[in-house]
Structures are given as structure tokens and as C-alpha cells.
file query_9.pdb (PDB, C-alpha atoms)
ATOM      1  CA  MET H  23     174.699 263.936 -18.445
ATOM      2  CA  GLN H  24     175.921 266.885 -20.440
ATOM      3  CA  ILE H  25     178.018 269.783 -19.133
ATOM      4  CA  ASP H  26     179.786 272.702 -20.810
ATOM      5  CA  VAL H  27     183.567 272.805 -20.621
ATOM      6  CA  ALA H  28     185.734 275.887 -21.197
ATOM      7  CA  LEU H  29     189.495 275.359 -21.231
ATOM      8  CA  PHE H  30     191.699 278.439 -21.062
ATOM      9  CA  ALA H  31     195.248 279.112 -22.284
ATOM     10  CA  TYR H  32     197.295 276.094 -23.380
ATOM     11  CA  LEU H  33     194.600 273.728 -22.096
ATOM     12  CA  SER H  34     192.482 274.657 -25.134
ATOM     13  CA  LYS H  35     194.310 271.978 -27.113
ATOM     14  CA  PHE H  36     192.623 269.396 -24.879
ATOM     15  CA  GLN H  37     189.106 270.504 -25.874
ATOM     16  CA  PRO H  38     186.760 267.489 -25.942
ATOM     17  CA  ASP H  39     185.771 268.002 -29.586
ATOM     18  CA  GLY H  40     189.387 268.437 -30.696
ATOM     19  CA  ALA H  41     188.576 271.798 -32.315
ATOM     20  CA  SER H  42     190.707 274.846 -31.614
ATOM     21  CA  GLY H  43     189.662 277.775 -29.439
ATOM     22  CA  ARG H  44     188.862 278.051 -25.788
ATOM     23  CA  GLY H  45     185.110 278.672 -26.065
ATOM     24  CA  ALA H  46     182.809 276.503 -23.972
ATOM     25  CA  ARG H  47     181.576 273.330 -25.605
ATOM     26  CA  ALA H  48     179.273 270.484 -24.643
ATOM     27  CA  PHE H  49     180.762 267.359 -23.108
ATOM     28  CA  ASP H  50     179.040 264.134 -22.036
ATOM     29  CA  VAL H  51     180.144 262.821 -18.640
ATOM     30  CA  PRO H  52     178.768 260.091 -16.347
ATOM     31  CA  ASP H  53     176.104 261.107 -13.831
ATOM     32  CA  GLY H  54     177.707 262.198 -10.580
ATOM     33  CA  ALA H  55     181.065 262.951 -12.211
ATOM     34  CA  THR H  56     183.424 265.205 -10.285
ATOM     35  CA  VAL H  57     185.701 267.941 -11.603
ATOM     36  CA  GLY H  58     188.601 265.533 -11.081
ATOM     37  CA  ASP H  59     186.836 262.879 -13.187
ATOM     38  CA  VAL H  60     186.480 265.363 -16.064
ATOM     39  CA  ILE H  61     190.120 266.402 -15.764
ATOM     40  CA  GLU H  62     191.066 262.728 -16.030
ATOM     41  CA  MET H  63     188.726 262.133 -18.995
ATOM     42  CA  LEU H  64     190.247 265.099 -20.848
ATOM     43  CA  GLU H  65     193.767 263.915 -19.929
ATOM     44  CA  LEU H  66     194.759 267.388 -18.752
ATOM     45  CA  PRO H  67     198.381 267.769 -17.621
ATOM     46  CA  ASP H  68     199.051 267.913 -13.886
ATOM     47  CA  GLU H  69     199.897 271.638 -13.783
ATOM     48  CA  PRO H  70     198.720 274.430 -11.464
ATOM     49  CA  ARG H  71     195.124 275.325 -12.269
ATOM     50  CA  VAL H  72     192.117 277.261 -11.047
ATOM     51  CA  VAL H  73     188.640 275.793 -11.528
ATOM     52  CA  PHE H  74     185.223 277.421 -11.594
ATOM     53  CA  VAL H  75     181.810 275.773 -11.890
ATOM     54  CA  ASN H  76     179.046 278.202 -12.843
ATOM     55  CA  SER H  77     181.435 281.082 -11.985
ATOM     56  CA  LYS H  78     182.022 279.787  -8.459
ATOM     57  CA  HIS H  79     185.372 278.404  -7.372
ATOM     58  CA  ALA H  80     185.515 274.598  -7.294
ATOM     59  CA  THR H  81     187.918 271.830  -6.405
ATOM     60  CA  ASP H  82     188.702 268.463  -7.976
ATOM     61  CA  ASP H  83     186.193 266.702  -5.709
ATOM     62  CA  SER H  84     183.298 269.046  -6.585
ATOM     63  CA  VAL H  85     180.392 266.992  -7.967
ATOM     64  CA  LEU H  86     178.937 268.237 -11.249
ATOM     65  CA  SER H  87     175.278 268.524 -12.235
ATOM     66  CA  PRO H  88     173.685 268.474 -15.692
ATOM     67  CA  GLY H  89     174.167 271.777 -17.521
ATOM     68  CA  ASP H  90     177.016 272.964 -15.289
ATOM     69  CA  ARG H  91     179.600 275.228 -16.908
ATOM     70  CA  LEU H  92     183.085 274.031 -15.977
ATOM     71  CA  ALA H  93     185.924 276.509 -16.611
ATOM     72  CA  ILE H  94     189.547 275.480 -16.066
ATOM     73  CA  PHE H  95     192.246 278.113 -16.150
ATOM     74  CA  PRO H  96     196.008 277.381 -15.872
ATOM     75  CA  PRO H  97     197.956 280.495 -14.807
ATOM     76  CA  VAL H  98     200.662 281.628 -17.219
ATOM     77  CA  ALA H  99     203.974 282.841 -15.773
ATOM     78  CA  GLY H 100     205.189 286.430 -15.964
ATOM     79  CA  GLY H 101     204.727 289.524 -13.881
TER      80      GLY H 101
ATOM     81  CA  MET D  11     182.436 323.217  -2.352
ATOM     82  CA  VAL D  12     185.609 325.075  -3.264
ATOM     83  CA  ARG D  13     186.630 324.294  -6.796
ATOM     84  CA  PRO D  14     190.355 323.995  -7.501
ATOM     85  CA  ASP D  15     191.901 326.510  -9.869
ATOM     86  CA  ALA D  16     191.924 324.968 -13.350
ATOM     87  CA  ASN D  17     194.943 327.060 -14.297
ATOM     88  CA  THR D  18     197.194 325.614 -11.634
ATOM     89  CA  CYS D  19     195.987 322.122 -10.754
ATOM     90  CA  PRO D  20     196.736 318.937 -12.668
ATOM     91  CA  PRO D  21     194.101 317.505 -15.032
ATOM     92  CA  ALA D  22     192.882 314.988 -12.472
ATOM     93  CA  LEU D  23     191.700 317.839 -10.243
ATOM     94  CA  GLU D  24     190.034 319.985 -12.876
ATOM     95  CA  PRO D  25     186.659 321.470 -11.933
ATOM     96  CA  THR D  26     184.841 318.988 -14.184
ATOM     97  CA  ASP D  27     186.014 316.167 -11.907
ATOM     98  CA  ASP D  28     183.465 314.002 -10.086
ATOM     99  CA  PRO D  29     183.761 314.535  -6.303
ATOM    100  CA  ALA D  30     181.750 311.426  -5.439
ATOM    101  CA  LEU D  31     184.050 309.256  -7.546
ATOM    102  CA  ARG D  32     187.112 310.801  -5.903
ATOM    103  CA  ALA D  33     185.694 310.307  -2.422
ATOM    104  CA  ARG D  34     184.953 306.661  -3.096
ATOM    105  CA  LEU D  35     188.455 305.965  -4.392
ATOM    106  CA  ALA D  36     190.047 307.899  -1.522
ATOM    107  CA  ALA D  37     188.207 305.660   0.960
ATOM    108  CA  SER D  38     189.259 302.475  -0.843
ATOM    109  CA  HIS D  39     191.926 299.932   0.005
ATOM    110  CA  VAL D  40     193.698 297.787  -2.601
ATOM    111  CA  ALA D  41     196.164 295.031  -1.701
ATOM    112  CA  ILE D  42     198.850 294.307  -4.301
ATOM    113  CA  ILE D  43     200.654 290.982  -4.047
ATOM    114  CA  GLY D  44     203.944 291.331  -5.878
ATOM    115  CA  CYS D  45     205.622 294.687  -6.523
ATOM    116  CA  GLY D  46     207.403 293.817  -9.760
ATOM    117  CA  GLY D  47     206.470 294.679 -13.340
ATOM    118  CA  LEU D  48     202.736 294.431 -12.765
ATOM    119  CA  GLY D  49     202.418 295.489  -9.150
ATOM    120  CA  SER D  50     204.736 298.499  -9.103
ATOM    121  CA  ASN D  51     203.147 300.019 -12.197
ATOM    122  CA  ALA D  52     199.578 299.226 -11.097
ATOM    123  CA  ALA D  53     200.273 300.779  -7.687
ATOM    124  CA  LEU D  54     201.384 304.061  -9.218
ATOM    125  CA  MET D  55     198.289 304.173 -11.441
ATOM    126  CA  LEU D  56     196.020 303.516  -8.472
ATOM    127  CA  VAL D  57     197.650 306.263  -6.419
ATOM    128  CA  ARG D  58     197.500 308.715  -9.328
ATOM    129  CA  SER D  59     193.805 307.810  -9.664
ATOM    130  CA  GLY D  60     193.211 308.682  -6.027
ATOM    131  CA  VAL D  61     193.006 305.323  -4.238
ATOM    132  CA  GLY D  62     193.665 306.227  -0.602
ATOM    133  CA  ARG D  63     195.136 303.073   0.852
ATOM    134  CA  LEU D  64     197.371 300.298  -0.465
ATOM    135  CA  THR D  65     198.918 297.184   1.031
ATOM    136  CA  LEU D  66     202.157 296.427  -0.816
ATOM    137  CA  VAL D  67     203.382 292.839  -0.540
ATOM    138  CA  ASP D  68     206.767 291.683  -1.827
ATOM    139  CA  PHE D  69     209.633 289.645  -0.369
ATOM    140  CA  ASP D  70     212.247 290.702  -2.923
ATOM    141  CA  VAL D  71     214.742 293.549  -3.338
ATOM    142  CA  VAL D  72     215.270 295.821  -6.356
ATOM    143  CA  GLU D  73     217.865 294.555  -8.846
ATOM    144  CA  VAL D  74     219.328 296.270 -11.871
ATOM    145  CA  GLY D  75     217.515 293.818 -14.155
ATOM    146  CA  ASN D  76     214.166 295.062 -12.832
ATOM    147  CA  LEU D  77     214.635 298.570 -14.197
ATOM    148  CA  ASN D  78     213.575 297.615 -17.729
ATOM    149  CA  ARG D  79     209.897 297.392 -16.744
ATOM    150  CA  GLN D  80     209.413 297.983 -13.025
ATOM    151  CA  MET D  81     208.735 301.346 -11.344
ATOM    152  CA  PHE D  82     212.112 301.590  -9.632
ATOM    153  CA  PHE D  83     215.220 303.719 -10.033
ATOM    154  CA  ARG D  84     218.960 303.095  -9.914
ATOM    155  CA  ASP D  85     219.348 304.603  -6.465
ATOM    156  CA  GLN D  86     216.838 302.025  -5.135
ATOM    157  CA  ILE D  87     218.874 298.950  -6.145
ATOM    158  CA  GLY D  88     219.235 296.695  -3.122
ATOM    159  CA  CYS D  89     216.187 298.149  -1.317
ATOM    160  CA  PRO D  90     213.187 295.949  -0.517
ATOM    161  CA  LYS D  91     210.757 296.458  -3.408
ATOM    162  CA  ALA D  92     207.714 297.239  -1.270
ATOM    163  CA  GLU D  93     209.653 299.920   0.619
ATOM    164  CA  ALA D  94     211.169 301.436  -2.523
ATOM    165  CA  LEU D  95     207.748 301.525  -4.155
ATOM    166  CA  ALA D  96     206.215 303.164  -1.090
ATOM    167  CA  GLU D  97     208.862 305.869  -1.277
ATOM    168  CA  THR D  98     207.983 306.577  -4.920
ATOM    169  CA  LEU D  99     204.234 306.552  -4.256
ATOM    170  CA  ARG D 100     204.636 309.079  -1.445
ATOM    171  CA  ARG D 101     206.474 311.400  -3.819
ATOM    172  CA  VAL D 102     203.270 311.465  -5.889
ATOM    173  CA  ALA D 103     200.736 311.387  -3.061
ATOM    174  CA  PRO D 104     202.212 312.187   0.389
ATOM    175  CA  ASP D 105     198.929 311.384   2.152
ATOM    176  CA  VAL D 106     198.414 307.911   0.710
ATOM    177  CA  GLU D 107     198.138 305.277   3.437
ATOM    178  CA  LEU D 108     200.562 302.423   2.820
ATOM    179  CA  ALA D 109     201.091 299.104   4.578
ATOM    180  CA  ILE D 110     204.338 297.377   3.642
ATOM    181  CA  VAL D 111     204.620 293.603   3.920
ATOM    182  CA  HIS D 112     208.113 292.258   3.220
ATOM    183  CA  GLU D 113     207.110 288.586   3.179
ATOM    184  CA  CYS D 114     206.509 285.721   0.782
ATOM    185  CA  MET D 115     202.829 284.826   0.629
ATOM    186  CA  THR D 116     201.861 281.265   1.557
ATOM    187  CA  PRO D 117     198.494 279.565   2.112
ATOM    188  CA  ASP D 118     199.031 280.239   5.838
ATOM    189  CA  ASN D 119     199.625 284.013   5.767
ATOM    190  CA  LEU D 120     197.862 285.155   2.586
ATOM    191  CA  LEU D 121     194.328 285.738   3.839
ATOM    192  CA  ALA D 122     195.399 287.556   7.011
ATOM    193  CA  THR D 123     197.592 289.855   4.922
ATOM    194  CA  VAL D 124     194.949 290.965   2.419
ATOM    195  CA  GLN D 125     191.558 290.376   4.018
ATOM    196  CA  ASP D 126     191.023 294.039   4.946
ATOM    197  CA  ALA D 127     191.329 295.147   1.322
ATOM    198  CA  ASP D 128     188.381 295.983  -0.924
ATOM    199  CA  VAL D 129     190.161 294.493  -3.953
ATOM    200  CA  VAL D 130     193.253 292.285  -4.291
ATOM    201  CA  ILE D 131     195.594 292.475  -7.275
ATOM    202  CA  GLU D 132     197.677 289.362  -7.917
ATOM    203  CA  ALA D 133     200.903 290.569  -9.521
ATOM    204  CA  VAL D 134     203.379 287.752  -8.909
ATOM    205  CA  ASP D 135     205.422 286.074 -11.639
ATOM    206  CA  ARG D 136     205.354 282.291 -11.046
ATOM    207  CA  ALA D 137     202.390 280.265 -12.304
ATOM    208  CA  GLU D 138     202.354 278.134  -9.139
ATOM    209  CA  ALA D 139     202.093 281.226  -6.946
ATOM    210  CA  LYS D 140     199.325 282.671  -9.132
ATOM    211  CA  ALA D 141     197.341 279.444  -8.774
ATOM    212  CA  MET D 142     197.922 279.324  -5.010
ATOM    213  CA  ILE D 143     196.721 282.902  -4.535
ATOM    214  CA  ALA D 144     193.609 282.340  -6.659
ATOM    215  CA  ASN D 145     192.749 279.024  -5.031
ATOM    216  CA  VAL D 146     193.277 280.230  -1.461
ATOM    217  CA  LEU D 147     191.413 283.513  -1.838
ATOM    218  CA  CYS D 148     188.558 282.097  -3.938
ATOM    219  CA  THR D 149     188.080 279.411  -1.251
ATOM    220  CA  GLU D 150     188.640 281.370   1.958
ATOM    221  CA  ALA D 151     187.351 284.783   0.847
ATOM    222  CA  PRO D 152     185.018 284.094  -2.084
ATOM    223  CA  ASP D 153     183.429 287.562  -1.937
ATOM    224  CA  LEU D 154     186.769 289.420  -2.028
ATOM    225  CA  PRO D 155     187.387 290.610  -5.616
ATOM    226  CA  LEU D 156     190.645 289.302  -7.051
ATOM    227  CA  VAL D 157     192.258 290.683 -10.213
ATOM    228  CA  SER D 158     194.803 288.190 -11.511
ATOM    229  CA  ALA D 159     197.159 288.409 -14.500
ATOM    230  CA  SER D 160     198.159 285.716 -16.953
ATOM    231  CA  GLY D 161     199.825 286.203 -20.313
ATOM    232  CA  LEU D 162     201.664 289.487 -20.783
ATOM    233  CA  ALA D 163     205.086 288.456 -22.092
ATOM    234  CA  GLY D 164     206.381 288.768 -25.634
ATOM    235  CA  VAL D 165     205.687 291.080 -28.559
ATOM    236  CA  ALA D 166     202.179 289.949 -29.528
ATOM    237  CA  PRO D 167     199.711 292.822 -30.064
ATOM    238  CA  ALA D 168     198.839 294.829 -26.967
ATOM    239  CA  ASN D 169     195.192 294.527 -28.002
ATOM    240  CA  GLU D 170     195.303 290.823 -27.149
ATOM    241  CA  VAL D 171     195.658 291.733 -23.474
ATOM    242  CA  VAL D 172     192.106 291.881 -22.140
ATOM    243  CA  THR D 173     190.201 291.838 -18.848
ATOM    244  CA  GLU D 174     187.717 288.994 -18.387
ATOM    245  CA  ARG D 175     185.439 288.124 -15.511
ATOM    246  CA  VAL D 176     186.084 284.391 -15.178
ATOM    247  CA  GLY D 177     184.472 283.809 -11.770
ATOM    248  CA  GLU D 178     181.897 285.714  -9.757
ATOM    249  CA  HIS D 179     184.620 287.833  -8.098
ATOM    250  CA  PHE D 180     187.624 286.660 -10.125
ATOM    251  CA  TYR D 181     188.939 288.849 -12.936
ATOM    252  CA  LEU D 182     191.641 287.721 -15.330
ATOM    253  CA  VAL D 183     193.920 290.111 -17.220
ATOM    254  CA  GLY D 184     196.210 289.071 -20.064
ATOM    255  CA  ASP D 185     196.181 287.063 -23.272
ATOM    256  CA  CYS D 186     196.157 283.768 -21.315
ATOM    257  CA  ARG D 187     198.964 282.277 -23.370
ATOM    258  CA  SER D 188     202.197 284.341 -23.596
ATOM    259  CA  ASP D 189     204.381 282.625 -21.009
ATOM    260  CA  VAL D 190     207.878 283.664 -19.898
ATOM    261  CA  ARG D 191     208.634 279.955 -19.527
ATOM    262  CA  ASP D 192     208.553 279.799 -23.344
ATOM    263  CA  GLY D 193     211.467 282.233 -23.462
ATOM    264  CA  LEU D 194     209.350 285.292 -24.273
ATOM    265  CA  PRO D 195     210.760 288.627 -23.084
ATOM    266  CA  LEU D 196     208.984 290.897 -20.625
ATOM    267  CA  LEU D 197     208.742 294.275 -22.366
ATOM    268  CA  ALA D 198     207.795 297.382 -20.425
ATOM    269  CA  SER D 199     205.152 298.331 -22.985
ATOM    270  CA  ARG D 200     203.163 295.093 -22.774
ATOM    271  CA  VAL D 201     203.721 294.589 -19.032
ATOM    272  CA  MET D 202     202.385 298.086 -18.425
ATOM    273  CA  VAL D 203     199.349 297.406 -20.620
ATOM    274  CA  ALA D 204     198.539 294.476 -18.349
ATOM    275  CA  ALA D 205     199.269 296.532 -15.225
ATOM    276  CA  ALA D 206     196.942 299.258 -16.504
ATOM    277  CA  HIS D 207     194.232 296.662 -17.121
ATOM    278  CA  GLN D 208     194.638 295.426 -13.553
ATOM    279  CA  ALA D 209     194.565 298.907 -12.048
ATOM    280  CA  HIS D 210     191.549 299.899 -14.115
ATOM    281  CA  ALA D 211     189.701 296.675 -13.301
ATOM    282  CA  ALA D 212     190.295 297.401  -9.607
ATOM    283  CA  ILE D 213     189.007 300.955 -10.026
ATOM    284  CA  ARG D 214     185.879 299.772 -11.824
ATOM    285  CA  ILE D 215     185.200 297.222  -9.076
ATOM    286  CA  LEU D 216     185.701 299.897  -6.394
ATOM    287  CA  LEU D 217     183.252 302.159  -8.208
ATOM    288  CA  GLY D 218     180.634 299.429  -8.423
ATOM    289  CA  TYR D 219     180.812 298.557 -12.094
ATOM    290  CA  GLU D 220     180.221 294.928 -13.045
ATOM    291  CA  GLU D 221     181.733 293.217 -16.058
ATOM    292  CA  PRO D 222     179.493 290.871 -18.054
TER     293      PRO D 222
END

call {"tool": "encode", "arguments": {"input": "query_9.pdb", "output": "C-alpha cells"}}
result
Amino acid sequence: MQIDVALFAYLSKFQPDGASGRGARAFDVPDGATVGDVIEMLELPDEPRVVFVNSKHATDDSVLSPGDRLAIFPPVAGG
Amino acid sequence: MVRPDANTCPPALEPTDDPALRARLAASHVAIIGCGGLGSNAALMLVRSGVGRLTLVDFDVVEVGNLNRQMFFRDQIGCPKAEALAETLRRVAPDVELAIVHECMTPDNLLATVQDADVVIEAVDRAEAKAMIANVLCTEAPDLPLVSASGLAGVAPANEVVTERVGEHFYLVGDCRSDVRDGLPLLASRVMVAAAHQAHAAIRILLGYEEP
């Protein structure tokens, strides 16, 4: 199935198509894939992150559906 | 309604002001987690804008190194930040209602501390704490608007600091990349741009505006 993936901040260098920028892009994943499966497929570093699926907060075990928009945001330090 | 005298009152109270807007902000409650560069400056902007109630959360004390960007003064060095900030806010608005929480937020005490607020501003410095606050509040209080900040260090253009609505009730302020862990300095000018974005995002949420 196909989902859209948006990777924020320094995660943008892990975009599935290898192109720069953090804009959402299509990504093929197995049916029934979870957020954690996608994180593993993209080989994202194990750093603090916040995940949204279709603008709703999600966790690594959230199961994805075709057409879902997955957004992964790693907080950046400073305040 | 009695109009204030335009010759004597500050601009925010001029007769052209919107009483309904003022009433709504006066009845509003914003919780600010972290009273450092972001939180102290955002708090002052919210109070100047007429927000009637704040919860100020910080476990730290004022240090001399904070004075380059945080809303504190030399005679407050050594004071708990939330208390020092409350003192300054009351100098501007004596009637503002303030709750002071001198504690470190954890997954166990976070929700109870901020759940009465209409909007929460995340203004801490460590990435791990930012993620914890977002993950706990988005899970346990998904309808509570949260304005987080990420990417405000360094000397990159101020125009790269933006407000985005990333989740249904999750707003993200910053350039999403300028990290103090990369050795970038925290300059008052850019920190205050981000703080202003956070304060203004909170005000827009309180007034019922929705970002795209």
C-alpha cells in the first residue's frame, strides 16, 4: 500500500526518495505496516520524536492504512 | 460603556480597541512550561495582551547567564524563575492571576499541572523534554492545544522562524533545524521572535482562529 511520509528537521535527509526537503512524499509499505515498521524501513535514528498520522498523534505500534499521511517530527533543542 | 481617555491610556486601551476580544483574553488561562528564553518572554507578551491567568512552570533559578535573553534582572539572580517572572508580570498587570509551579515536569505530574489551561506553551530547552511534553499531552489530552518550539538558535534569518499546525491541536514554532547542540548561540533577537510566535499562536487559538 502507499502512504505519504513527511519528515521534519534533520530527519528530512532520510526521505524515502533521497531528495532534499521535508515535504510529504509517497512511500510504498507492506499492508498492515505500523509506524514503527516505517521508521525501521527508513532507518531513522533512535532519537526523541513526535509522530502524527493524519494530524492525530500516533505511536510506533499504530497500524497504517492506505493513503495515510505520516508526519515525524524530532524536537530541536533550545529555549 | 465608558471609553478610556485616549490622551492618557496606553495604546492597548485606546477607544478603537475591541472589548469582546479583551474580555475573551481576560477570561483565558495559558500554562507555560519553562520560564527561560521562550517562556519568560512569551509570558510578558501574553500579559501585555490581556491574558488574565497564567500557570508558570519552572524548576530552575535565575543565573547571570540567563540575562542575555530571558526576562529577568540582576536583582533576581538566585530566585526561582517562576517566582521572579511572576514578580515582573505583576509590575505590568497587578490583577493577573498567576499559579507558580516550582517543579520539573515528568510524565506523572505534567497533565495534572496544565490540564486546567486553555492553551499550553512548551518552552523548555532539551529535545527529550520537548518530546515528552508533546507525547504525553497529545496522548492524554488530545484536545488541549499545545504550542511547541523547535529551532530558534543561531543567526539564520528571523523570517525562517514560522508557526505551523502539525497536528490537529499541535502547533510548532521555529525553523525546525537550528539546534543548540550544534553549538549555535541563543540570541535574544531570534529567541524573542520564537517567543512572540508562541504567544501570538496562543492568542489566535484563544480567539478561535484556526491555522490551515

call {"tool": "atom_distance", "arguments": {"input": "query_9.pdb", "atom1": "atom CA of D:Ile213", "atom2": "atom CA of D:Val61"}}
result
8.3 Å

call {"tool": "resolve_selection", "arguments": {"input": "query_9.pdb", "expression": "the PyMOL selection byres ((chain H and resi 92) around 10)", "output": "list in words"}}
result
Ile25, Asp26, Val27, Ala28, Leu29, Ala46, Arg47, Val57, Val60, Val73, Phe74, Val75, Asn76, Ser77, Lys78, His79, Ala80, Leu86, Gly89, Asp90, Arg91, Ala93 and Ile94 of chain H

call {"tool": "resolve_selection", "arguments": {"input": "query_9.pdb", "expression": "the ChimeraX specification (/D :<6) & /H", "output": "list of chain:residue names"}}
result
H:Ala31, H:Pro70, H:Arg71, H:Ser77, H:Lys78, H:His79, H:Pro97, H:Val98, H:Ala99, H:Gly100, H:Gly101

call {"tool": "residues_around", "arguments": {"input": "query_9.pdb", "residues": "stretch 99-112 of chain D", "least_positions_apart": "5", "cutoff": "6 Å", "atoms": "all atoms listed in the file", "output": "PyMOL selection string"}}
result
chain D and resi 62-69+92

call {"tool": "residues_near_point", "arguments": {"input": "query_9.pdb", "point": "(192.3, 265.2, -18.5)", "cutoff": "12 Å", "atoms": "all atoms listed in the file", "output": "list in words"}}
result
Val27, Leu29, Leu33, Ser34, Lys35, Phe36, Gln37, Pro38, Val57, Gly58, Asp59, Val60, Ile61, Glu62, Met63, Leu64, Glu65, Leu66, Pro67, Asp68, Glu69, Asp82 and Ile94 of chain H

call {"tool": "resolve_selection", "arguments": {"input": "query_9.pdb", "expression": "the PyMOL selection byres ((chain D and resi 123) around 10)", "output": "count of residues only"}}
result
18

call {"tool": "atom_distance", "arguments": {"input": "query_9.pdb", "atom1": "atom CA of D:Pro167", "atom2": "atom CA of D:Val129"}}
result
27.9 Å

call {"tool": "atom_distance", "arguments": {"input": "query_9.pdb", "atom1": "atom CA of D:Met55", "atom2": "atom CA of D:Gly88"}}
result
23.7 Å

call {"tool": "axis_aligned_box", "arguments": {"input": "query_9.pdb", "around": "stretch 32-35 of chain H", "padding_each_side": "3 Å", "output": "JSON"}}
result
{"center_x": 194.9, "center_y": 274.0, "center_z": -24.6, "size_x": 10.8, "size_y": 10.1, "size_z": 11.0}

call {"tool": "closest_residue", "arguments": {"input": "query_9.pdb", "among": "D:Ala198, D:Ala36, D:Pro29, D:Ala96", "to": "D:Leu77", "atoms": "only C-alpha atoms"}}
result
D:Ala198
